[in-house]
Every structure is written in structure tokens, then in C-alpha cells.
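Enquirer: Got a structure for you, model_12.tsv, holding TSV, C-alpha atoms.
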chain	number	residue	atom	x	y	z
A	1	MET	CA	17.70	10.14	-14.69
A	2	ARG	CA	14.88	12.58	-13.99
A	3	ILE	CA	11.87	10.49	-12.97
A	4	ALA	CA	8.35	11.93	-12.77
A	5	PHE	CA	6.39	10.14	-10.05
A	6	TYR	CA	2.73	10.79	-10.86
A	7	ASN	CA	-0.07	10.25	-8.33
A	8	HIS	CA	-3.63	11.23	-9.27
A	9	THR	CA	-4.62	12.05	-5.67
A	10	SER	CA	-2.95	13.73	-2.71
A	11	SER	CA	-4.78	11.60	-0.13
A	12	ILE	CA	-2.52	9.30	1.87
A	13	SER	CA	-2.85	5.53	1.91
A	14	GLY	CA	-0.42	2.64	1.69
A	15	ALA	CA	0.28	3.31	-2.00
A	16	GLU	CA	1.33	6.89	-1.32
A	17	ILE	CA	3.50	5.91	1.64
A	18	SER	CA	5.27	3.34	-0.54
A	19	LEU	CA	5.74	5.96	-3.28
A	20	LEU	CA	7.39	8.41	-0.89
A	21	LEU	CA	9.71	5.78	0.57
A	22	THR	CA	10.74	4.50	-2.86
A	23	ALA	CA	11.43	8.00	-4.20
A	24	GLN	CA	13.37	8.96	-1.08
A	25	HIS	CA	15.70	5.97	-1.36
A	26	LEU	CA	16.60	6.22	-5.04
A	27	THR	CA	20.35	6.58	-5.53
A	28	LEU	CA	20.74	6.85	-9.31
A	29	ALA	CA	17.62	8.80	-10.23
A	30	HIS	CA	16.25	12.22	-9.36
A	31	PRO	CA	12.54	11.94	-8.46
A	32	ILE	CA	10.01	14.72	-9.07
A	33	LEU	CA	6.57	14.17	-7.57
A	34	PHE	CA	3.57	15.34	-9.60
A	35	ALA	CA	0.28	15.32	-7.65
A	36	PRO	CA	-2.59	17.61	-6.61
A	37	GLU	CA	-1.87	19.94	-3.72
A	38	GLY	CA	-2.51	18.32	-0.36
A	39	GLU	CA	-1.09	15.97	2.25
A	40	LEU	CA	1.03	13.93	-0.17
A	41	LEU	CA	2.90	16.95	-1.48
A	42	GLU	CA	3.33	18.31	2.05
A	43	ARG	CA	4.95	15.07	3.15
A	44	ALA	CA	7.14	15.06	0.06
A	45	ARG	CA	8.33	18.61	0.73
A	46	ASN	CA	9.12	17.68	4.34
A	47	ARG	CA	11.29	14.83	3.02
A	48	GLY	CA	13.17	17.18	0.70
A	49	LEU	CA	11.66	15.85	-2.54
A	50	GLU	CA	11.04	18.09	-5.54
A	51	VAL	CA	7.32	18.48	-6.25
A	52	VAL	CA	5.04	19.91	-8.94
A	53	ALA	CA	1.43	20.66	-7.98
A	54	LEU	CA	-1.30	19.58	-10.41
A	55	PRO	CA	-4.97	20.58	-10.70
A	56	SER	CA	-7.13	18.09	-8.84
A	57	PHE	CA	-9.53	15.93	-10.85
A	58	ARG	CA	-11.50	12.89	-9.74
A	59	ALA	CA	-13.64	10.64	-11.91
A	60	ARG	CA	-15.59	7.50	-11.10
A	61	MET	CA	-17.30	4.79	-13.05
A	62	THR	CA	-20.97	5.63	-13.57
A	63	LYS	CA	-23.95	4.46	-15.63
A	64	ASN	CA	-25.17	8.04	-16.00
A	65	PRO	CA	-24.29	8.95	-19.62
A	66	ILE	CA	-24.09	12.69	-18.91
A	67	LEU	CA	-21.74	12.22	-15.95
A	68	LEU	CA	-19.73	9.69	-17.94
A	69	VAL	CA	-19.15	12.23	-20.75
A	70	ILE	CA	-18.17	14.88	-18.18
A	71	TYR	CA	-15.73	12.52	-16.50
A	72	VAL	CA	-14.17	11.44	-19.81
A	73	MET	CA	-13.74	15.04	-20.95
A	74	GLY	CA	-12.24	15.91	-17.58
A	75	MET	CA	-9.77	13.02	-17.77
A	76	LEU	CA	-8.72	14.06	-21.26
A	77	TRP	CA	-8.15	17.64	-20.12
A	78	ALA	CA	-6.21	16.52	-17.03
A	79	GLY	CA	-4.16	14.12	-19.16
A	80	TRP	CA	-3.29	16.90	-21.59
A	81	ARG	CA	-2.26	19.23	-18.78
A	82	LEU	CA	-0.07	16.44	-17.38
A	83	ALA	CA	1.59	15.86	-20.77
A	84	LEU	CA	2.38	19.57	-21.07
A	85	LEU	CA	3.97	19.61	-17.61
A	86	MET	CA	6.08	16.56	-18.42
A	87	LYS	CA	7.54	18.33	-21.45
A	88	LYS	CA	8.05	21.54	-19.50
A	89	ASN	CA	9.91	19.85	-16.63
A	90	ASP	CA	12.26	17.92	-18.91
A	91	VAL	CA	11.80	14.46	-17.37
A	92	ASP	CA	13.06	11.17	-18.79
A	93	LEU	CA	10.38	8.74	-17.63
A	94	ILE	CA	6.93	8.76	-16.01
A	95	HIS	CA	6.35	6.45	-13.06
A	96	ALA	CA	2.57	6.25	-12.57
A	97	ASN	CA	1.66	5.15	-9.05
A	98	SER	CA	-1.62	3.37	-9.88
A	99	ILE	CA	-3.67	2.03	-12.76
A	100	ARG	CA	-5.64	5.27	-12.95
A	101	ALA	CA	-2.43	7.29	-12.95
A	102	GLY	CA	-1.06	5.03	-15.69
A	103	ILE	CA	-4.11	5.66	-17.86
A	104	MET	CA	-3.78	9.42	-17.36
A	105	ALA	CA	-0.06	9.34	-18.17
A	106	GLY	CA	-0.64	7.23	-21.29
A	107	LEU	CA	-3.44	9.27	-22.84
A	108	PHE	CA	-1.09	11.68	-24.62
A	109	ARG	CA	2.07	9.63	-24.87
A	110	TRP	CA	2.13	10.43	-28.58
A	111	TYR	CA	2.86	14.01	-27.47
A	112	HIS	CA	5.29	13.67	-24.54
A	113	ARG	CA	6.95	10.54	-26.05
A	114	LEU	CA	8.25	9.38	-22.68
A	115	PRO	CA	8.38	5.82	-21.35
A	116	VAL	CA	5.50	5.19	-18.94
A	117	VAL	CA	5.79	2.72	-16.06
A	118	TRP	CA	2.60	1.57	-14.35
A	119	HIS	CA	3.00	0.63	-10.69
A	120	LEU	CA	0.19	-1.81	-9.93
A	121	ARG	CA	-0.64	-1.56	-6.23
A	122	ASP	CA	-4.20	-2.96	-6.34
A	123	MET	CA	-5.80	-6.00	-7.88
A	124	PRO	CA	-6.49	-5.12	-11.54
A	125	PRO	CA	-10.17	-4.95	-12.58
A	126	GLN	CA	-11.66	-8.02	-14.25
A	127	GLY	CA	-14.39	-8.46	-16.84
A	128	TYR	CA	-14.93	-6.06	-19.75
A	129	MET	CA	-13.28	-3.12	-17.99
A	130	GLY	CA	-10.27	-5.27	-17.17
A	131	LYS	CA	-9.82	-6.16	-20.84
A	132	ILE	CA	-9.86	-2.47	-21.80
A	133	VAL	CA	-7.28	-1.65	-19.10
A	134	ARG	CA	-4.96	-4.46	-20.24
A	135	LYS	CA	-5.12	-3.44	-23.89
A	136	PHE	CA	-4.53	0.22	-23.02
A	137	ALA	CA	-1.55	-0.79	-20.90
A	138	GLY	CA	-0.24	-2.72	-23.88
A	139	PHE	CA	-0.49	0.35	-26.12
A	140	THR	CA	0.91	2.96	-23.75
A	141	SER	CA	3.16	1.42	-21.07
A	142	GLN	CA	6.75	0.27	-21.40
A	143	ALA	CA	6.82	-1.59	-18.07
A	144	LEU	CA	4.40	-2.68	-15.37
A	145	ILE	CA	5.55	-3.17	-11.77
A	146	GLY	CA	3.42	-5.48	-9.63
A	147	ILE	CA	3.74	-5.48	-5.85
A	148	SER	CA	2.97	-9.21	-5.73
A	149	GLU	CA	2.72	-12.22	-8.01
A	150	SER	CA	-1.03	-12.15	-7.40
A	151	VAL	CA	-1.28	-8.61	-8.79
A	152	ILE	CA	0.85	-9.51	-11.83
A	153	GLN	CA	-1.35	-12.52	-12.58
A	154	GLY	CA	-4.34	-10.19	-12.57
A	155	ILE	CA	-2.88	-8.01	-15.35
A	156	ASP	CA	-1.38	-10.85	-17.40
A	157	HIS	CA	-2.26	-10.43	-21.06
A	158	PRO	CA	-0.45	-11.03	-24.39
A	159	SER	CA	-0.32	-7.26	-24.97
A	160	VAL	CA	1.95	-6.78	-21.93
A	161	ALA	CA	4.01	-9.95	-22.34
A	162	GLY	CA	7.59	-9.43	-21.16
A	163	ARG	CA	6.88	-6.07	-19.53
A	164	CYS	CA	5.75	-7.19	-16.06
A	165	HIS	CA	8.20	-6.95	-13.17
A	166	LEU	CA	7.74	-8.16	-9.58
A	167	VAL	CA	8.94	-5.63	-7.01
A	168	HIS	CA	7.67	-6.14	-3.50
A	169	ASN	CA	7.00	-3.14	-1.27
A	170	GLY	CA	9.68	-2.34	1.25
A	171	VAL	CA	9.99	-0.73	4.67
A	172	GLU	CA	12.67	1.29	6.39
A	173	LEU	CA	14.53	-1.07	8.71
A	174	ARG	CA	14.06	0.94	11.88
A	175	SER	CA	14.56	-0.90	15.14
A	176	PHE	CA	14.06	0.33	18.68
A	177	ASN	CA	16.26	-0.84	21.53
A	178	PRO	CA	14.37	-2.60	24.37
A	179	GLU	CA	14.29	0.49	26.60
A	180	VAL	CA	12.91	2.76	23.86
A	181	ARG	CA	10.47	0.08	22.76
A	182	GLN	CA	9.13	-0.27	26.30
A	183	GLY	CA	8.69	3.50	26.52
A	184	ILE	CA	6.76	3.53	23.23
A	185	ARG	CA	4.59	0.67	24.43
A	186	GLU	CA	3.74	2.38	27.72
A	187	SER	CA	3.02	5.82	26.24
A	188	THR	CA	0.92	4.45	23.37
A	189	ARG	CA	-1.19	2.37	25.71
A	190	VAL	CA	-1.74	5.34	27.99
A	191	GLU	CA	-2.83	7.45	25.00
A	192	LEU	CA	-5.21	4.73	23.80
A	193	ARG	CA	-6.64	4.09	27.29
A	194	THR	CA	-5.33	0.54	27.33
A	195	PRO	CA	-4.08	-1.28	30.45
A	196	GLN	CA	-0.34	-1.92	30.43
A	197	ASP	CA	-0.84	-5.62	31.17
A	198	ALA	CA	-3.59	-6.17	28.58
A	199	ARG	CA	-3.03	-8.42	25.59
A	200	VAL	CA	-3.51	-6.18	22.59
A	201	LEU	CA	-4.57	-7.21	19.10
A	202	ALA	CA	-4.34	-4.63	16.30
A	203	ILE	CA	-5.83	-4.50	12.83
A	204	ILE	CA	-4.41	-1.65	10.75
A	205	GLY	CA	-5.62	-0.30	7.42
A	206	GLN	CA	-8.29	1.78	5.77
A	207	ILE	CA	-11.81	1.02	6.94
A	208	ALA	CA	-13.43	-0.74	3.99
A	209	PRO	CA	-15.63	-3.84	3.51
A	210	TRP	CA	-12.88	-5.75	1.69
A	211	LYS	CA	-10.58	-5.27	4.68
A	212	ARG	CA	-13.09	-7.32	6.73
A	213	GLN	CA	-12.55	-5.68	10.10
A	214	GLU	CA	-15.79	-7.33	11.19
A	215	ASP	CA	-13.99	-10.71	11.23
A	216	ALA	CA	-11.51	-9.35	13.76
A	217	ILE	CA	-14.36	-8.08	15.93
A	218	GLU	CA	-16.19	-11.43	15.83
A	219	ALA	CA	-13.03	-13.37	16.71
A	220	PHE	CA	-12.21	-10.89	19.44
A	221	ALA	CA	-15.68	-11.25	20.99
A	222	THR	CA	-14.93	-14.94	21.64
A	223	LEU	CA	-11.57	-14.14	23.19
A	224	VAL	CA	-13.04	-11.50	25.49
A	225	GLY	CA	-15.57	-14.06	26.69
A	226	GLU	CA	-12.66	-16.19	27.85
A	227	GLU	CA	-10.34	-13.45	29.10
A	228	GLN	CA	-11.47	-9.91	29.93
A	229	ASN	CA	-8.02	-8.33	29.93
A	230	THR	CA	-7.81	-8.20	26.13
A	231	VAL	CA	-8.09	-5.17	23.85
A	232	LEU	CA	-8.58	-4.75	20.10
A	233	TRP	CA	-7.26	-1.66	18.34
A	234	ILE	CA	-8.92	-0.87	15.01
A	235	VAL	CA	-6.49	1.54	13.35
A	236	GLY	CA	-7.53	3.44	10.22
A	237	GLU	CA	-10.16	5.70	8.74
A	238	ALA	CA	-12.94	5.41	6.20
A	239	LYS	CA	-12.18	7.44	3.08
A	240	PHE	CA	-12.42	7.49	-0.72
A	241	ARG	CA	-15.98	6.07	-0.85
A	242	SER	CA	-19.28	6.64	0.97
A	243	GLU	CA	-19.70	2.87	1.41
A	244	ASN	CA	-16.54	2.87	3.53
A	245	GLU	CA	-18.11	5.43	5.89
A	246	GLN	CA	-21.25	3.29	6.06
A	247	TYR	CA	-19.10	0.27	6.84
A	248	LEU	CA	-17.43	2.12	9.71
A	249	ASP	CA	-20.89	2.85	11.16
A	250	GLN	CA	-21.69	-0.85	10.88
A	251	LEU	CA	-18.53	-1.76	12.76
A	252	HIS	CA	-19.43	0.62	15.60
A	253	GLU	CA	-22.90	-0.93	15.73
A	254	LYS	CA	-21.42	-4.42	15.85
A	255	VAL	CA	-19.15	-3.50	18.74
A	256	LYS	CA	-22.10	-2.01	20.60
A	257	LEU	CA	-24.31	-5.05	19.93
A	258	LEU	CA	-21.59	-7.38	21.25
A	259	GLN	CA	-21.08	-5.11	24.28
A	260	LEU	CA	-17.40	-4.61	23.50
A	261	GLU	CA	-17.24	-0.82	23.86
A	262	ASP	CA	-14.74	-1.08	26.73
A	263	ASN	CA	-12.47	-3.48	24.86
A	264	VAL	CA	-12.50	-2.24	21.26
A	265	ILE	CA	-10.82	1.08	20.48
A	266	PHE	CA	-11.21	2.85	17.14
A	267	THR	CA	-8.06	4.96	16.86
A	268	GLY	CA	-8.74	6.64	13.52
A	269	PHE	CA	-5.84	7.31	11.15
A	270	ARG	CA	-2.38	7.05	12.71
A	271	GLU	CA	0.96	8.02	11.21
A	272	ASP	CA	2.93	6.11	13.87
A	273	VAL	CA	2.25	2.63	12.49
A	274	LEU	CA	5.59	1.21	13.63
A	275	GLU	CA	4.95	2.49	17.14
A	276	ILE	CA	1.47	0.96	17.12
A	277	CYS	CA	3.01	-2.36	16.06
A	278	CYS	CA	5.58	-2.13	18.88
A	279	SER	CA	2.77	-1.57	21.37
A	280	ALA	CA	0.57	-4.47	20.25
A	281	ASP	CA	1.06	-8.16	20.95
A	282	LEU	CA	-0.35	-9.43	17.65
A	283	LEU	CA	-1.31	-7.95	14.28
A	284	LEU	CA	-4.34	-9.21	12.39
A	285	LEU	CA	-4.94	-8.86	8.67
A	286	CYS	CA	-8.39	-10.07	7.61
A	287	SER	CA	-8.56	-8.70	4.05
A	288	ASP	CA	-10.20	-10.37	1.09
A	289	LYS	CA	-7.26	-10.87	-1.31
A	290	GLU	CA	-4.91	-8.18	-0.04
A	291	PRO	CA	-2.73	-7.08	-3.00
A	292	PHE	CA	0.37	-7.16	-0.79
A	293	GLY	CA	-0.05	-6.27	2.87
A	294	ARG	CA	2.34	-3.46	3.69
A	295	VAL	CA	1.31	-3.44	7.33
A	296	ILE	CA	2.42	-7.07	7.62
A	297	ILE	CA	6.04	-6.25	6.87
A	298	GLU	CA	5.82	-3.17	9.11
A	299	ALA	CA	4.69	-5.33	12.03
A	300	MET	CA	7.18	-8.09	11.29
A	301	SER	CA	10.01	-5.55	11.11
A	302	GLN	CA	9.26	-4.69	14.75
A	303	GLY	CA	9.05	-8.30	15.88
A	304	THR	CA	5.26	-8.30	16.22
A	305	PRO	CA	3.76	-11.65	15.09
A	306	VAL	CA	1.13	-11.57	12.36
A	307	VAL	CA	-1.97	-13.60	11.55
A	308	GLY	CA	-3.18	-12.91	8.00
A	309	THR	CA	-5.52	-14.27	5.36
A	310	ARG	CA	-4.31	-16.85	2.87
A	311	GLY	CA	-4.91	-14.88	-0.32
A	312	GLY	CA	-3.57	-12.15	-2.59
A	313	GLY	CA	0.05	-11.28	-1.86
A	314	VAL	CA	0.06	-12.39	1.78
A	315	PRO	CA	1.52	-15.90	1.12
A	316	GLU	CA	4.50	-14.19	-0.55
A	317	ILE	CA	5.32	-12.56	2.79
A	318	ILE	CA	4.29	-15.02	5.50
A	319	GLN	CA	5.79	-18.49	5.75
A	320	HIS	CA	2.99	-20.27	7.59
A	321	GLY	CA	4.13	-21.53	10.97
A	322	VAL	CA	7.59	-19.99	10.53
A	323	SER	CA	7.26	-16.21	10.24
A	324	GLY	CA	3.52	-15.90	10.86
A	325	LEU	CA	0.21	-17.72	10.53
A	326	MET	CA	-2.43	-17.70	7.81
A	327	TYR	CA	-6.09	-18.68	7.73
A	328	GLU	CA	-8.75	-18.93	5.02
A	329	ILE	CA	-10.51	-15.67	4.20
A	330	GLY	CA	-13.70	-15.23	6.23
A	331	ASN	CA	-13.14	-18.30	8.43
A	332	VAL	CA	-13.49	-16.74	11.88
A	333	GLU	CA	-13.04	-20.07	13.67
A	334	GLN	CA	-9.65	-20.53	12.04
A	335	LEU	CA	-8.76	-16.95	12.94
A	336	ILE	CA	-9.62	-17.59	16.61
A	337	HIS	CA	-7.52	-20.75	16.59
A	338	CYS	CA	-4.52	-18.89	15.13
A	339	ILE	CA	-4.80	-16.09	17.69
A	340	ARG	CA	-4.89	-18.57	20.57
A	341	GLN	CA	-1.97	-20.48	19.08
A	342	VAL	CA	0.22	-17.36	19.17
A	343	LEU	CA	-0.90	-15.69	22.39
A	344	ASP	CA	-1.04	-18.84	24.51
A	345	ASP	CA	2.49	-20.05	23.67
A	346	GLU	CA	5.31	-17.66	24.57
A	347	ILE	CA	7.93	-19.81	22.88
A	348	PHE	CA	5.95	-19.87	19.62
A	349	TRP	CA	5.32	-16.10	19.90
A	350	SER	CA	9.09	-15.54	20.21
A	351	LYS	CA	9.81	-17.81	17.25
A	352	LEU	CA	7.41	-15.90	14.98
A	353	SER	CA	8.79	-12.58	16.26
A	354	ARG	CA	12.40	-13.49	15.52
A	355	ASN	CA	11.74	-15.16	12.15
A	356	GLY	CA	9.48	-12.33	11.03
A	357	GLN	CA	12.17	-9.73	11.64
A	358	GLU	CA	14.75	-11.80	9.78
A	359	ARG	CA	12.46	-12.29	6.79
A	360	VAL	CA	11.81	-8.57	6.42
A	361	GLN	CA	15.50	-7.78	6.66
A	362	GLU	CA	16.29	-10.34	3.97
A	363	ARG	CA	13.42	-9.69	1.53
A	364	PHE	CA	11.51	-6.47	2.16
A	365	SER	CA	13.82	-3.54	2.85
A	366	ILE	CA	13.09	-0.25	1.06
A	367	THR	CA	16.66	-0.12	-0.25
A	368	GLN	CA	16.03	-3.37	-2.12
A	369	THR	CA	12.74	-2.04	-3.49
A	370	SER	CA	14.25	1.23	-4.74
A	371	HIS	CA	17.24	-0.59	-6.25
A	372	ASN	CA	14.99	-2.97	-8.20
A	373	VAL	CA	12.88	-0.06	-9.46
A	374	GLU	CA	15.98	1.75	-10.67
A	375	LEU	CA	17.08	-1.34	-12.57
A	376	ILE	CA	13.82	-1.14	-14.51
A	377	TYR	CA	14.44	2.54	-15.28
A	378	GLN	CA	17.89	1.71	-16.59
A	379	GLN	CA	16.56	-1.08	-18.81
A	380	LEU	CA	14.13	1.35	-20.40
A	381	LEU	CA	16.44	4.33	-20.75
A	382	VAL	CA	19.47	2.58	-22.23
A	383	ARG	CA	17.53	0.61	-24.82
A	384	PRO	CA	19.35	0.90	-28.21
A	385	GLY	CA	17.70	3.39	-30.49
A	386	HIS	CA	15.44	4.78	-27.79
A	387	GLU	CA	14.59	8.40	-28.45
A	388	LEU	CA	15.38	9.33	-24.84
A	389	LEU	CA	19.08	8.70	-25.32
A	390	GLU	CA	19.23	11.56	-27.78
A	391	HIS	CA	17.11	13.65	-25.41
A	392	GLN	CA	19.52	13.00	-22.53
A	393	ARG	CA	22.63	13.74	-24.60
A	394	ALA	CA	21.13	17.00	-25.82
A	395	ARG	CA	20.38	18.07	-22.26
A	396	GLU	CA	23.88	17.21	-21.08
A	397	MET	CA	25.38	19.42	-23.81
A	398	MET	CA	23.29	22.43	-22.78
Kindly return the structure encoded in the file as C-alpha cells.
Expert:
Amino acid sequence: MRIAFYNHTSSISGAEISLLLTAQHLTLAHPILFAPEGELLERARNRGLEVVALPSFRARMTKNPILLVIYVMGMLWAGWRLALLMKKNDVDLIHANSIRAGIMAGLFRWYHRLPVVWHLRDMPPQGYMGKIVRKFAGFTSQALIGISESVIQGIDHPSVAGRCHLVHNGVELRSFNPEVRQGIRESTRVELRTPQDARVLAIIGQIAPWKRQEDAIEAFATLVGEEQNTVLWIVGEAKFRSENEQYLDQLHEKVKLLQLEDNVIFTGFREDVLEICCSADLLLLCSDKEPFGRVIIEAMSQGTPVVGTRGGGVPEIIQHGVSGLMYEIGNVEQLIHCIRQVLDDEIFWSKLSRNGQERVQERFSITQTSHNVELIYQQLLVRPGHELLEHQRAREMM
């Protein structure tokens, strides 16, 4: 099976990291990554994946009628170019890595005649736009993969009945022996100007209002008032939208106002997420309805306990009180209580650490994710009477 993984951007976020890992661990299919030139394609090349560079095009929702026409025309042109490349590269199926990518891949399906799989990695839009997206998915997609039950519920519509599949994100099960782990912990703390004996909390993810990093700062301010030898790492960068950059400025102002400059460290984007998790004592996730929470399983895989919000896909990962703790979105008092509960009880910390690692090994390995994705490919490509069977046989005879 020749599978075209299509991503409309080459910027790196959790969705792109998951795409690369999934493609790299396929065993029955040959992945080809189609994306604009940039960091994503560079990483794919470094992993030995076949790539095809596309012209870059970005469109946004706007009320300006002139811009809207320009964006629509641009999307149509980009969709046509994509369809031509799909035919040229002789692929069997298109795996679109987002809703926007799915729309682009489906625009000219009448021409490329390939099955299109939408991988839903964000909460689907609601309202009028959401209805349009659902109907378009019903017309053009053969399968929709949701990274959580919460995401699937958001796309649920009669037009896609029977096509939705739950496939959780997965991580590589990398473990460090105690000596290596201690070395990582010491070197990372030196790099981030953090005392070796400090209790470190980390919040990891793109800087954006819906990630609610301000909740972590507010909770941390209370903890610092009680114990000075505590540090908060805010890991991530503001990208994609100007409001995210404005939000980052607001976070810096909040830290300054609370006089936490010596205790809060903004690290910017980091590729070594597993190492960051090894070096922290507790991971926080404060998001408003996180679609899944990839960083949760990354932290749990390293034995780092997690406190996350009770919403989105998080309850599908964390078993409250067993493999982590959850609190209600925006309730800083509950967040503070959960943090104290973990950090002040070494036995409980160890329980969450051990159970978290076991849960990831059982439910969230990348090999499981890639296997489940390939099962979906097989269901689509061996369907009786499907035109691709003839296409595959013809290619094999060449």
C-alpha cells in the first residue's frame, strides 16, 4: 500500500510529531509525506521517509469578501495541484492529517478517485461552519480517525455514520535506566538554571489562550509563597496566530506582576520533551478541552506524574487517583490541591509514576497506533468492487 500522508503546513506541533511517528512505524504500508518545504519535511527526510514538497498556501476565515474570494481561489488551486501530484505519484490512499488537509484532499476527489482518510486531531468546529465541514466530510471522506472519543463526538453526523474510528495517539516506549535518567535530570536543570534540589513543575505545549498556562502560574504563585525552592518550567512557543504571541506577552507580565521571575522559566520550543519530563517532578496540563493530550502520555511513559484538566480526551488517558489526577477546567484551587497531594506524599507520587508507565505501555504505544491505522487502510483498500483493487493489480503487472 502506497499511502500519501498530506499535511497542509510544515510547522511542527503535536499533530506533526504524531504523523511522523505513525508513518515511521507502519509495517504493511509505504508512506509518502506531502507537505510544504520546511521543518516537517526535514524531519521526515532525517527519519528516512519519502517526501514530496508542495507549494505553501495558507488561508484563514475572514469577513472581508475580497480576501475570502482570494483564499477560496487559492485553496481550489492548491487542491488541484495536490490532486495532480497524487495521480503522478501513483498512491493508493490519501491520509489527511487535519480537517483542513482533509478538505484540500477532498476538493478534487472526482479527479484522483482515491480514498481519503481524515485524521481529526483537534476539536471539530461547531455552528454553521461545523455543519458544512461535516457534510463535506460525508461527501468526500471514506474514513475519519479521531484521536479521542471527545473528538469523534464533535464530528458525529448522519453523513459520516459508520466511518468514524477511534485511534489514540501513541508514543515510542523509550525508557532511561536510573543512571542515564539522573544524568539527564542534572544536565537539563543546569541548562535551565534550576537548582538540583528544587521541586520542578512543567507545563508543555504551544503557548495559546486555550492551553491556559495562566492557571499554572496562579497555582504556582501560591506554592512559592509556601516553599521558595520550587520552579515552574513553561515549555513551548507562541505560533500560528498573533493572539498567541499577545498571550505570551500577557504571561510574562503576569509573572512579573507576581514577582516570580526567579522561579518561572520560559524555555521556548524544545524537541527533548521526554528529557524535560524526566527532569521535572510533575507535569501540569491546564487546557480547555484538550483533544487528546499527547504530552500526558509522554510524561507518563517516563514515570512523571500528571495533573490534568477533566475535559476533552484527558479522561481517556488518566484514571483519576490511579495513574494521575484531574481537576475541573479553570479551577485553580483544585489544581493547587492536586499539586500538593502529589508532591507532599512520596508514596502517592510513586504510585502514580508506576501506574502511569504501565498504562502507557498497555494502551498508548506507537506500534499499537500504527497497527490500528493500517487496519483502517486495509478495510478501505480490499473493499469488494473498489476501483483501487484494479489500480493495484495493474501496477503489479507493470
Enquirer: Please report the interatomic distance between atom CA of Ser287 of chain A and atom CA of Glu346 of chain A in Å with one decimal.
Expert: 26.3 Å
Enquirer: What is the distance between atom CA of Ile17 of chain A and atom CA of Arg181 of chain A, in Å to one decimal?
Expert: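 About the pair atom CA of Ile17 of chain A and atom CA of Arg181 of chain A: they are 23.0 Å apart.
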Enquirer: For a quick check of understanding, using only C-alpha atoms, which of A:Arg134, A:Ala53, A:Ile339, A:Pro115 has the smallest distance to Val382 of chain A?
Expert: A:Pro115
Enquirer: Taking into account all atoms listed in the file, which residue in the set A:Leu343, A:Met326, A:Leu28, A:Met300 is nearest to Gly312 of chain A?
Expert: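 When distances to Gly312 of chain A are compared using all atoms listed in the file, the smallest one comes from A:Met326.
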Enquirer: Restricting the calculation to all atoms listed in the file, which member of A:Gln250, A:Asn263, A:Ser159, A:Ser187 is positioned closest to Leu201 of chain A?
Expert: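 Using all atoms listed in the file, Leu201 of chain A sits closest to A:Asn263.
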Enquirer: Tell me which of A:Leu381, A:Ala15, A:Val151, A:Leu173 sits closest to Arg294 of chain A, counting all atoms listed in the file.
Expert: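 That would be A:Ala15, the residue with the smallest distance to Arg294 of chain A.
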